[in-house]
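Novice: Dumping the structure here so I can ask a few things about it.
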Amino acid sequence: QNNKIGYVAAMQTPEVIRGINAFTLGVRSVNPDATVQVVWTNNWYDPAVEKQAAESLLDAGVDTIAQHQDTTAAQQAAADRGAFSVGYNKDMREANPEGFIASPVWHLGALYTEQVQAVVDGTWAPSVYWGGIADGVVDISDCVSEETKAAVNEAREKIINGEFDVFTGEIKDQNGEVKVAEGQKLSDEELLSMMWFVEGVIGEIGAK
């Protein structure tokens, strides 16, 4: 509502940075004036620190909290302040019943079954795995509003059909420099080594 979103982020790795960038590109596709302010917790699991990080963002004026953390601590901070929230890894609506928007949801059972079977069969080999919605490994929870649900489902189908890739240019970085040219896509290698923020992110990589 006020163009200010906060993001409670875990470790400063390409995986987390990709998530922040993808989220920000999605946000700005519907609200070009919105910003995503990042606070690092620099750990994978610490509910107290995660809640403090969310509270610091809410103190700074954001009205929505997103996260790359496994606990619901940031969601609870949003609920305490009457703010909106976007979860991570699972449906987290129980932590913020009035303000929950949506959440990516992981379904890793299919992947684990496939990998274990490959070990049993003697065919397993190390590889980079890019499975997604089409493979049933990740999806999105139900959304709060019917309007949002319709828009998300439309984008979801385009991802499954290969018609949409969030990292297709033109994409600029925080300094306004074009990092991905119009119509070009980032390669797997570029995604795996991503250590820069897209335009619209407020935060620093390397910050403590």
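Following the order of the structure tokens, chains are lettered A, B, ..., residues in each are numbered from 1, and ligands are numbered from 1.
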Could you list, as a list of chain:residue names, every residue within 8 Å of A:Thr72, counting only C-alpha atoms and ignoring same-chain residues fewer than 6 positions away?
Specialist: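 Close residues of A:Thr72: A:Pro47, A:Gly87, A:Met92, A:Ala95.
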Novice: Skip stretch 201-205 of chain A itself and residues of its chain fewer than 5 positions away, then list as an MDAnalysis selection string all residues within 9 Å of it, counting only C-alpha atoms.
Specialist: chainID A and resid 12 17 20:21 24 35:40 173:174 195:196
Novice: Return as a PyMOL selection string the full set of residues in stretch 32-178 of chain A whose backbone-based DSSP assignment is alpha helix (DSSP H).
Specialist: chain A and resi 47-59+73-81+109-121+146-160
Novice: List as a list in words the protein and nucleic acid residues near stretch 25-34 of chain A, meaning an atom at most 9 Å away when only C-alpha atoms are counted, but skip any in the same chain fewer than 2 places from it.
Specialist: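 My list of contacting residues is Asn2, Asn3, Lys4, Ile5, Ile20, Asn21, Ala22, Phe23, Val36, Val166, Phe167, Ile171, Val198, Glu199 and Gly200 of chain A.
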Novice: Name the residues in contact with A:Pro14 at a cut-off of 9 Å, using only C-alpha atoms, excluding same-chain residues fewer than 5 positions from it; report them as a list in words.
Specialist: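 The residues that qualify are Gly19, Leu191, Leu192, Ser193, Met194, Met195 and Trp196 of chain A.
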Novice: For a test of reading the model, state the distance in Å between atom CA of A:Lys51 and atom CA of A:Val105, rounded to one decimal.
Specialist: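 Going from atom CA of A:Lys51 over to atom CA of A:Val105, I get 20.8 Å.
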Novice: Which one is closest to A:Asp63: A:Asn42, A:Tyr88, A:Tyr7, A:Arg18? Count only C-alpha atoms.
Specialist: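 Answer, going by the shortest atom-to-atom distance: A:Tyr7.
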Novice: Nearest to A:Ala54: which of A:Val86, A:Cys143, A:Val8, A:Ala181 is it, counting only C-alpha atoms?
Specialist: A:Val8
Novice: Calculate how many Å separate atom CA of A:Glu189 from atom CA of A:Glu157, rounding to one decimal.
Specialist: 25.4 Å
Novice: Neighbours of stretch 106-114 of chain A within 9 Å (only C-alpha atoms; same-chain residues fewer than 2 positions away dropped), as a list in words?
Specialist: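 Everything that qualifies: Tyr88, Asn89, Lys90, Pro104, Val116, Gln117, Ala118, Val119, Gly131, Asp135, Gly136, Val137, Val138, Asp139 and Ile140 of chain A.
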Novice: Print the selection's residues with N, CA and C atoms to a file, as a short mmCIF file (atom, residue, chain, number, x, y, z; two decimals), in the first residue's frame.
Specialist:
```
data_model
loop_
_atom_site.label_atom_id
_atom_site.label_comp_id
_atom_site.auth_asym_id
_atom_site.auth_seq_id
_atom_site.Cartn_x
_atom_site.Cartn_y
_atom_site.Cartn_z
N TYR A 88 7.63 -18.32 3.15
CA TYR A 88 8.70 -19.00 2.42
C TYR A 88 8.73 -20.47 2.82
N ASN A 89 8.87 -21.34 1.82
CA ASN A 89 9.03 -22.79 2.01
C ASN A 89 7.73 -23.54 2.29
N LYS A 90 6.80 -22.90 2.98
CA LYS A 90 5.54 -23.58 3.29
C LYS A 90 4.44 -22.53 3.46
N PRO A 104 5.61 -19.36 -1.43
CA PRO A 104 6.09 -20.51 -2.19
C PRO A 104 6.09 -21.73 -1.28
N VAL A 116 16.92 -41.08 -4.46
CA VAL A 116 17.21 -42.32 -3.74
C VAL A 116 17.08 -43.52 -4.69
N GLN A 117 16.07 -43.51 -5.55
CA GLN A 117 15.91 -44.60 -6.50
C GLN A 117 17.10 -44.69 -7.44
N ALA A 118 17.63 -43.52 -7.84
CA ALA A 118 18.81 -43.51 -8.71
C ALA A 118 20.02 -44.12 -8.00
N VAL A 119 20.15 -43.84 -6.69
CA VAL A 119 21.23 -44.44 -5.91
C VAL A 119 21.06 -45.96 -5.87
N GLY A 131 14.63 -28.26 -11.12
CA GLY A 131 13.21 -28.60 -11.17
C GLY A 131 12.35 -27.50 -10.56
N ASP A 135 7.54 -29.76 -12.37
CA ASP A 135 7.95 -31.05 -11.82
C ASP A 135 7.28 -31.36 -10.49
N GLY A 136 6.47 -30.42 -10.00
CA GLY A 136 5.78 -30.63 -8.74
C GLY A 136 6.65 -30.46 -7.51
N VAL A 137 7.85 -29.92 -7.68
CA VAL A 137 8.77 -29.77 -6.56
C VAL A 137 8.51 -28.48 -5.80
N VAL A 138 8.03 -27.48 -6.48
CA VAL A 138 7.70 -26.20 -5.84
C VAL A 138 6.38 -25.70 -6.41
N ASP A 139 5.64 -24.98 -5.60
CA ASP A 139 4.37 -24.41 -6.05
C ASP A 139 4.10 -23.17 -5.21
N ILE A 140 2.90 -22.67 -5.28
CA ILE A 140 2.53 -21.51 -4.50
C ILE A 140 1.24 -21.80 -3.75
#
```
Novice: Please identify all polymer residues within 12 Å of A:Glu170, counting only C-alpha atoms, omitting same-chain residues fewer than 5 positions from it, and present them as a PyMOL selection string.
Specialist: chain A and resi 25+165+176-186+198-199
Novice: Have a look at atom CA of A:Asp188 and atom CA of A:His68 and let me know their distance in Å, one decimal.
Specialist: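 Pair atom CA of A:Asp188 / atom CA of A:His68 returns 20.8 Å.
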Novice: Give me, as a ChimeraX atom specification, all polymer residues having an atom no more than 12 Å from A:Glu50, counting only C-alpha atoms and skipping those fewer than 3 positions away in the same chain.
Specialist: /A:7-11,39-47,53-57,65-78
Novice: Save the residues we just selected, N, CA and C atoms, as a compact mmCIF listing (two decimals), in the first residue's frame?
Specialist:
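Okay, this is what ended up in out03.txt:
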```
# COMPACT_ATOMS: atom_id res chain seq x y z
N TYR A 7 12.31 -7.31 3.45
CA TYR A 7 12.70 -8.69 3.16
C TYR A 7 13.72 -9.15 4.19
N VAL A 8 13.33 -10.16 4.98
CA VAL A 8 14.23 -10.75 5.97
C VAL A 8 15.00 -11.87 5.27
N ALA A 9 16.30 -11.67 5.09
CA ALA A 9 17.11 -12.57 4.27
C ALA A 9 18.12 -13.32 5.12
N ALA A 10 18.40 -14.55 4.73
CA ALA A 10 19.30 -15.43 5.49
C ALA A 10 20.76 -15.13 5.16
N MET A 11 21.44 -16.08 4.56
CA MET A 11 22.86 -15.93 4.24
C MET A 11 23.04 -15.23 2.89
N VAL A 39 17.14 -6.83 5.03
CA VAL A 39 17.93 -6.94 6.25
C VAL A 39 18.46 -8.37 6.33
N TRP A 40 19.76 -8.50 6.47
CA TRP A 40 20.39 -9.81 6.57
C TRP A 40 20.39 -10.31 8.01
N THR A 41 20.06 -11.58 8.21
CA THR A 41 20.24 -12.19 9.53
C THR A 41 21.58 -12.91 9.61
N ASN A 42 22.16 -13.24 8.43
CA ASN A 42 23.45 -13.94 8.35
C ASN A 42 23.43 -15.27 9.10
N ASN A 43 22.29 -15.93 9.08
CA ASN A 43 22.18 -17.31 9.57
C ASN A 43 20.97 -17.95 8.90
N TRP A 44 20.90 -19.27 9.00
CA TRP A 44 19.79 -20.00 8.38
C TRP A 44 18.63 -20.21 9.34
N TYR A 45 18.91 -20.14 10.63
CA TYR A 45 17.84 -20.43 11.59
C TYR A 45 18.11 -19.74 12.92
N ASP A 46 17.31 -18.72 13.20
CA ASP A 46 17.34 -18.06 14.51
C ASP A 46 16.07 -17.23 14.63
N PRO A 47 14.98 -17.83 15.13
CA PRO A 47 13.70 -17.13 15.16
C PRO A 47 13.76 -15.76 15.84
N ALA A 53 14.74 -8.67 12.95
CA ALA A 53 14.99 -8.11 11.61
C ALA A 53 13.69 -7.59 11.01
N ALA A 54 12.62 -8.38 11.13
CA ALA A 54 11.32 -7.95 10.60
C ALA A 54 10.84 -6.70 11.32
N GLU A 55 11.01 -6.66 12.63
CA GLU A 55 10.58 -5.50 13.40
C GLU A 55 11.35 -4.25 13.00
N SER A 56 12.64 -4.39 12.70
CA SER A 56 13.42 -3.24 12.27
C SER A 56 12.93 -2.70 10.94
N LEU A 57 12.50 -3.61 10.06
CA LEU A 57 11.94 -3.18 8.77
C LEU A 57 10.60 -2.49 8.96
N ILE A 65 6.02 -7.71 4.80
CA ILE A 65 7.24 -8.44 5.11
C ILE A 65 7.31 -9.70 4.25
N ALA A 66 8.46 -9.89 3.58
CA ALA A 66 8.75 -11.15 2.89
C ALA A 66 10.01 -11.74 3.52
N GLN A 67 10.35 -12.96 3.14
CA GLN A 67 11.47 -13.59 3.82
C GLN A 67 12.10 -14.72 3.01
N HIS A 68 13.38 -14.99 3.30
CA HIS A 68 14.03 -16.23 2.92
C HIS A 68 14.55 -16.82 4.22
N GLN A 69 13.65 -17.36 5.00
CA GLN A 69 13.92 -17.98 6.30
C GLN A 69 12.88 -19.08 6.48
N ASP A 70 13.21 -20.08 7.27
CA ASP A 70 12.31 -21.22 7.39
C ASP A 70 11.28 -21.10 8.49
N THR A 71 11.49 -20.21 9.46
CA THR A 71 10.54 -20.11 10.56
C THR A 71 9.48 -19.04 10.26
N THR A 72 8.46 -19.00 11.11
CA THR A 72 7.38 -18.03 10.93
C THR A 72 7.59 -16.77 11.76
N ALA A 73 8.80 -16.58 12.30
CA ALA A 73 9.04 -15.45 13.19
C ALA A 73 8.76 -14.11 12.51
N ALA A 74 9.20 -13.97 11.27
CA ALA A 74 8.96 -12.71 10.55
C ALA A 74 7.47 -12.51 10.29
N GLN A 75 6.76 -13.61 10.02
CA GLN A 75 5.32 -13.53 9.83
C GLN A 75 4.62 -13.06 11.11
N GLN A 76 5.10 -13.56 12.24
CA GLN A 76 4.51 -13.18 13.52
C GLN A 76 4.75 -11.70 13.81
N ALA A 77 5.93 -11.20 13.44
CA ALA A 77 6.21 -9.78 13.61
C ALA A 77 5.25 -8.94 12.78
N ALA A 78 4.98 -9.38 11.55
CA ALA A 78 4.03 -8.67 10.69
C ALA A 78 2.63 -8.70 11.31
```
Novice: Write down as number ranges by chain the residues of stretch 5-206 of chain A whose backbone DSSP state falls under strand (DSSP E).
Specialist: A: 5-9, 35-40, 64-68, 84-86, 100-102, 104-106, 138-140, 171-172, 178-180, 201-202
